[in-house]
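Right, one structure below, let's go through it.
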Amino acid sequence: MSESFSTLYDLIVQLSESIREALSETQYTPLPAGNFPVKAALDQLLPRKSTTTPEEDSILGETQIRTSIKDFTLACALLSSARSSTHDLLSWIPGSLSASADSAFPVLSKAHCVLFSQTNAKRVGELGLDCGMVAEERRLVVELMPEVVRSLKEAIKESSVDKSDDVDEFSAASARAPVGFAIVAAYQFRWFVTQIDYPHLGKLCGFVIPCALTALDHWSPEVKRQGMVSFIHIGKNVDAAELGLYEDVILDACCQNIASDDEIWHLVVEMSVLLVTCFQRSNPRSPWFEKMLNEMLSHLERQSRNKDRRVAWLQHIEPLFNSVGLVLLAHFRRIFPLFFQWMHADDDETVLLVLKQVYTVIRLTWIRNTPYVDRLVDELAALHKRASLKKSHEDIKRLVSQILTLLQQCKGLQFEAAYGKHRDDPNLTDIILS
């Protein structure tokens, strides 16, 4: 090896040994046969001191160091991303081990930039990025991205469902590779994506978008989860123009995943709202808004009593409402029955969230040409009277008063007629219409 190769390789081995020692002391119970042996795989990714002769080193130099860098980075990616995981495959990894990986990788990246600055600058520049604008601790991620993301995409596909198979889908998928391979690859992919921010991530869309779509298309909720987290990061850090080539396929994937399991539905909603508003913000009548909102409402109507689903939707839907504006009028017949039901939910969180969205909808549409004004006034009055029994009664009453005030402003005489029958109710004397 050249002196630079030797120096960097020794550093990788040193960093690996520290992590390997902590890994060996970590308790690990292997999952049933046929699943992915994560601990053994991590150990294999951590390079060991070379046992080759000096003559062999001179031949293997660049190939060996390149492989060692990639393997060590993948190990750090998995350990670091496991910090947020509750999945059986990764939940055994302690936070201290994740922290060790978080500390080790920037050390390697900075050393690589110093020892191979010209090579790194050339490879980063070939991807369309200005090397000088990328932090040293991120440059190695950028350089590795094309090679690593392709291999991770293939690992995810190995256990995905081939819809052309005539045999049972899940049996066919399991026969190709255990799903654990895909889960691990999805976590590693998510780590790679989230290491790069605006404005650099947009230059890498050609590599990250196909892999993210492959994760969304997988049958495993855990693989989908990592794809969704990746797309949320992409949506926040990439301009719509840079994503334009993939617009329809991304939004179609969002719609296809709205039927996802409860455990990841909050991510489906956040991802879908973020991406559709990113692409279609200036087109309130876009068919994508129509399709996405109808898909979501259909699932909410079928599971209107599911607290987790309604809370997730109410938390994330406002940017979509703001983007479509008056077009919301076309959805009133489906939105308001849900709002009326949720106003009387047992949990305060739902009640507060639905009141905020009612206010938003009225602000955007002035609730024109609709039969729901009288019913809305009645429901708000009923909620205000029962609010004293709730922990968040002050916030609920404040929001009710704000909504009624807005209704008074935009509906005038119609509001006065609807509210007239409640005006003398002694339980509503504390309503302030400003």
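A note on labels: chains of the structure tokens are A, B, ... as shown, every chain counts residues from 1, and ligands are counted from 1 in their shown order.
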
Near stretch 5-8 of chain A, within 8 Å and counting only C-alpha atoms, which residues show up once chain neighbours fewer than 6 positions away are dropped, as a PyMOL selection string?
chain A and resi 61-62+65+108+111-112+115

When you look at A:Asp346 with a cut-off of 10 Å (counting only C-alpha atoms), what residues show up, excluding the ones that are within fewer than 5 positions of it in the same chain? I need them as a list in words.
Lys307, Val351 and Lys390 of chain A

With all heavy atoms retained, could you export that selection as a CSV table (one decimal), in the first residue's frame?
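And here is the file that came out, again00.csv:
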```csv
chain,number,residue,atom,x,y,z
A,307,LYS,N,-58.1,6.4,16.7
A,307,LYS,CA,-57.5,7.6,17.2
A,307,LYS,C,-56.2,8.0,16.5
A,307,LYS,O,-56.0,9.1,16.1
A,307,LYS,CB,-57.3,7.6,18.7
A,307,LYS,CG,-56.6,8.8,19.3
A,307,LYS,CD,-56.2,8.6,20.7
A,307,LYS,CE,-55.4,9.8,21.2
A,307,LYS,NZ,-54.9,9.6,22.6
A,351,VAL,N,-59.9,16.6,19.8
A,351,VAL,CA,-60.8,17.7,19.8
A,351,VAL,C,-60.1,19.0,19.5
A,351,VAL,O,-60.5,19.8,18.6
A,351,VAL,CB,-61.5,17.9,21.2
A,351,VAL,CG1,-62.4,19.1,21.2
A,351,VAL,CG2,-62.4,16.6,21.5
A,390,LYS,N,-63.5,18.6,30.4
A,390,LYS,CA,-62.3,18.1,29.8
A,390,LYS,C,-61.1,18.9,30.4
A,390,LYS,O,-61.2,20.0,30.8
A,390,LYS,CB,-62.3,18.4,28.3
A,390,LYS,CG,-63.3,17.5,27.5
A,390,LYS,CD,-63.2,17.6,26.0
A,390,LYS,CE,-64.1,16.6,25.3
A,390,LYS,NZ,-63.5,15.2,25.4
```

Quiz item: What lies within 9 Å of A:Arg123 using only C-alpha atoms, ignoring chain neighbours under 6 positions off, as a list in words?
Solution: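 The residues that qualify are Cys131, Val142 and Glu143 of chain A.
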
How would the residues just picked look written out with all heavy atoms as a PDB file, in the first residue's frame?
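The resulting part-v5.pdb:
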```
ATOM      1  N   CYS A 131     -17.314  20.579  -4.279  1.00  0.00           N
ATOM      2  CA  CYS A 131     -16.724  19.914  -3.119  1.00  0.00           C
ATOM      3  C   CYS A 131     -16.486  20.888  -1.966  1.00  0.00           C
ATOM      4  O   CYS A 131     -16.679  20.552  -0.802  1.00  0.00           O
ATOM      5  CB  CYS A 131     -15.413  19.232  -3.522  1.00  0.00           C
ATOM      6  SG  CYS A 131     -14.695  18.192  -2.246  1.00  0.00           S
ATOM      7  N   VAL A 142     -21.202  11.465   0.162  1.00  0.00           N
ATOM      8  CA  VAL A 142     -21.523  11.862  -1.213  1.00  0.00           C
ATOM      9  C   VAL A 142     -20.757  11.001  -2.208  1.00  0.00           C
ATOM     10  O   VAL A 142     -21.317  10.506  -3.190  1.00  0.00           O
ATOM     11  CB  VAL A 142     -21.203  13.354  -1.434  1.00  0.00           C
ATOM     12  CG1 VAL A 142     -21.374  13.724  -2.901  1.00  0.00           C
ATOM     13  CG2 VAL A 142     -22.093  14.231  -0.556  1.00  0.00           C
ATOM     14  N   GLU A 143     -19.474  10.816  -1.958  1.00  0.00           N
ATOM     15  CA  GLU A 143     -18.646  10.028  -2.877  1.00  0.00           C
ATOM     16  C   GLU A 143     -19.123   8.583  -2.990  1.00  0.00           C
ATOM     17  O   GLU A 143     -19.120   7.989  -4.069  1.00  0.00           O
ATOM     18  CB  GLU A 143     -17.186  10.055  -2.405  1.00  0.00           C
ATOM     19  CG  GLU A 143     -16.241   9.294  -3.316  1.00  0.00           C
ATOM     20  CD  GLU A 143     -14.810   9.302  -2.822  1.00  0.00           C
ATOM     21  OE1 GLU A 143     -14.385  10.317  -2.224  1.00  0.00           O
ATOM     22  OE2 GLU A 143     -14.110   8.292  -3.022  1.00  0.00           O
TER      23      GLU A 143
END
```

Legend entry - Interatomic distance, atom CA of A:Leu45 to atom CA of A:Asp217 (Å, one decimal):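 For atom CA of A:Leu45 relative to atom CA of A:Asp217, the distance reads 27.3 Å.
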
Query - Close residues, A:Phe105 itself excluded, 9 Å, only C-alpha atoms, min 3 positions apart in chain, as a list in words - result: Leu15, Phe72, Thr73, Cys76, Ala77, Ser100, Ala101, Asp102, Leu108, Ser109, Lys110 and Glu137 of chain A

Review point. Using only C-alpha atoms, which residue out of A:Pro426, A:Gly202, A:Gly128, A:Pro337 lies closest to A:Ala241?
Key: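 Nearest candidate to A:Ala241 out of A:Pro426, A:Gly202, A:Gly128, A:Pro337: A:Gly202.
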
Requested in this report: Enter the distance from atom CA of A:Ile234 to atom CA of A:Ile264, in Å, rounded to one decimal.
Outcome: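 Atom CA of A:Ile264 lies 17.8 Å from atom CA of A:Ile234.
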
Residue nearest A:Leu216 among A:Thr26, A:Ser160, A:Ser4, A:Ser84 (counting only C-alpha atoms) =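 Of all the options, A:Ser160 lies closest to A:Leu216.
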
If you count only C-alpha atoms, which residues fall within 12 Å of A:Glu147, apart from same-chain ones fewer than 2 positions away, as a PDB file with N, CA and C atoms, in the first residue's frame?
```pdb
ATOM      1  N   ARG A  66     -10.802   0.748  -0.633  1.00  0.00           N
ATOM      2  CA  ARG A  66     -12.140   1.164  -1.065  1.00  0.00           C
ATOM      3  C   ARG A  66     -13.204   0.269  -0.448  1.00  0.00           C
ATOM      4  N   THR A  67     -12.950  -1.035  -0.463  1.00  0.00           N
ATOM      5  CA  THR A  67     -13.898  -1.986   0.137  1.00  0.00           C
ATOM      6  C   THR A  67     -14.016  -1.764   1.635  1.00  0.00           C
ATOM      7  N   LYS A  70     -16.109   1.359   2.351  1.00  0.00           N
ATOM      8  CA  LYS A  70     -17.539   1.120   2.115  1.00  0.00           C
ATOM      9  C   LYS A  70     -18.132   0.265   3.219  1.00  0.00           C
ATOM     10  N   ASP A  71     -17.438  -0.820   3.597  1.00  0.00           N
ATOM     11  CA  ASP A  71     -17.964  -1.711   4.627  1.00  0.00           C
ATOM     12  C   ASP A  71     -18.091  -1.004   5.967  1.00  0.00           C
ATOM     13  N   LEU A  74     -21.053   1.338   5.912  1.00  0.00           N
ATOM     14  CA  LEU A  74     -22.327   0.613   6.024  1.00  0.00           C
ATOM     15  C   LEU A  74     -22.561   0.154   7.455  1.00  0.00           C
ATOM     16  N   ARG A 123     -14.432  13.103  -7.613  1.00  0.00           N
ATOM     17  CA  ARG A 123     -15.632  12.258  -7.583  1.00  0.00           C
ATOM     18  C   ARG A 123     -16.869  13.039  -7.162  1.00  0.00           C
ATOM     19  N   LEU A 140     -17.490  12.048   2.181  1.00  0.00           N
ATOM     20  CA  LEU A 140     -17.340  10.623   1.913  1.00  0.00           C
ATOM     21  C   LEU A 140     -18.689   9.981   1.617  1.00  0.00           C
ATOM     22  N   VAL A 141     -19.740  10.428   2.306  1.00  0.00           N
ATOM     23  CA  VAL A 141     -21.086   9.922   2.022  1.00  0.00           C
ATOM     24  C   VAL A 141     -21.457  10.230   0.576  1.00  0.00           C
ATOM     25  N   VAL A 142     -21.202  11.465   0.162  1.00  0.00           N
ATOM     26  CA  VAL A 142     -21.523  11.862  -1.213  1.00  0.00           C
ATOM     27  C   VAL A 142     -20.757  11.001  -2.208  1.00  0.00           C
ATOM     28  N   GLU A 143     -19.474  10.816  -1.958  1.00  0.00           N
ATOM     29  CA  GLU A 143     -18.646  10.028  -2.877  1.00  0.00           C
ATOM     30  C   GLU A 143     -19.123   8.583  -2.990  1.00  0.00           C
ATOM     31  N   LEU A 144     -19.547   8.011  -1.860  1.00  0.00           N
ATOM     32  CA  LEU A 144     -19.973   6.607  -1.846  1.00  0.00           C
ATOM     33  C   LEU A 144     -21.392   6.403  -2.358  1.00  0.00           C
ATOM     34  N   MET A 145     -22.187   7.467  -2.376  1.00  0.00           N
ATOM     35  CA  MET A 145     -23.617   7.356  -2.658  1.00  0.00           C
ATOM     36  C   MET A 145     -23.944   6.547  -3.915  1.00  0.00           C
ATOM     37  N   VAL A 149     -25.797   3.052  -2.888  1.00  0.00           N
ATOM     38  CA  VAL A 149     -27.254   3.071  -3.037  1.00  0.00           C
ATOM     39  C   VAL A 149     -27.717   2.033  -4.064  1.00  0.00           C
ATOM     40  N   ARG A 150     -26.950   1.827  -5.112  1.00  0.00           N
ATOM     41  CA  ARG A 150     -27.318   0.784  -6.082  1.00  0.00           C
ATOM     42  C   ARG A 150     -27.356  -0.589  -5.422  1.00  0.00           C
ATOM     43  N   SER A 151     -26.351  -0.892  -4.616  1.00  0.00           N
ATOM     44  CA  SER A 151     -26.314  -2.208  -3.967  1.00  0.00           C
ATOM     45  C   SER A 151     -27.424  -2.344  -2.928  1.00  0.00           C
ATOM     46  N   LEU A 152     -27.741  -1.269  -2.224  1.00  0.00           N
ATOM     47  CA  LEU A 152     -28.835  -1.321  -1.240  1.00  0.00           C
ATOM     48  C   LEU A 152     -30.174  -1.511  -1.938  1.00  0.00           C
ATOM     49  N   LYS A 153     -30.349  -0.880  -3.075  1.00  0.00           N
ATOM     50  CA  LYS A 153     -31.587  -1.052  -3.846  1.00  0.00           C
ATOM     51  C   LYS A 153     -31.769  -2.519  -4.242  1.00  0.00           C
ATOM     52  N   GLU A 154     -30.697  -3.148  -4.682  1.00  0.00           N
ATOM     53  CA  GLU A 154     -30.785  -4.560  -5.063  1.00  0.00           C
ATOM     54  C   GLU A 154     -31.074  -5.436  -3.854  1.00  0.00           C
ATOM     55  N   PHE A 189     -29.911   2.703   3.887  1.00  0.00           N
ATOM     56  CA  PHE A 189     -30.262   3.682   2.857  1.00  0.00           C
ATOM     57  C   PHE A 189     -30.794   4.963   3.483  1.00  0.00           C
ATOM     58  N   PHE A 192     -27.963   7.067   4.747  1.00  0.00           N
ATOM     59  CA  PHE A 192     -27.230   7.751   3.682  1.00  0.00           C
ATOM     60  C   PHE A 192     -27.998   8.977   3.208  1.00  0.00           C
ATOM     61  N   LEU A 204     -28.329  14.433  -6.250  1.00  0.00           N
ATOM     62  CA  LEU A 204     -28.202  12.982  -6.112  1.00  0.00           C
ATOM     63  C   LEU A 204     -29.527  12.253  -6.317  1.00  0.00           C
ATOM     64  N   PHE A 207     -29.883   8.825  -7.985  1.00  0.00           N
ATOM     65  CA  PHE A 207     -29.483   7.636  -7.239  1.00  0.00           C
ATOM     66  C   PHE A 207     -30.492   7.307  -6.129  1.00  0.00           C
ATOM     67  N   VAL A 208     -30.940   8.344  -5.400  1.00  0.00           N
ATOM     68  CA  VAL A 208     -31.735   8.070  -4.207  1.00  0.00           C
ATOM     69  C   VAL A 208     -33.213   7.807  -4.507  1.00  0.00           C
TER      70      VAL A 208
END
```

Task: Between atom CA of A:Leu127 and atom CA of A:Pro199, distance in Å (one decimal) - done: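 Atom-to-atom, atom CA of A:Leu127 and atom CA of A:Pro199 are spaced 13.0 Å apart.
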
Mind checking which residues fall within 9 Å of A:Leu328, counting only C-alpha atoms, ignoring those fewer than 6 positions away in the same chain, and posting them as a ChimeraX atom specification? /A:321,335,361,364-365

Handout entry: Residue list (alpha helix (DSSP H), DSSP) for stretch 286-346 of chain A, as a PyMOL selection string
Key = chain A and resi 287-302+307-316+318-324+332-342

Quiz prompt | Distance query A:Ile93 at most 7 Å, only C-alpha atoms, self and fewer than 3 positions along chain excluded, as number ranges by chain | solution = A: 82, 90, 97

Using only C-alpha atoms, the best pick from A:Ala41, A:Cys254, A:Leu383, A:Leu407 as closest to A:Ala185 would be A:Ala41

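When only C-alpha atoms are used to measure the gap to A:Trp342, the shortest distance among A:Ala182, A:Ser304, A:Pro319, A:Thr360 belongs to A:Ser304.
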
| task | Would you please work out which residue, of A:Leu245, A:Met292, A:Cys205, A:Ala253, is nearest to A:Gly227 when using only C-alpha atoms? | result |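 Among the listed residues, A:Ala253 lies closest to A:Gly227.
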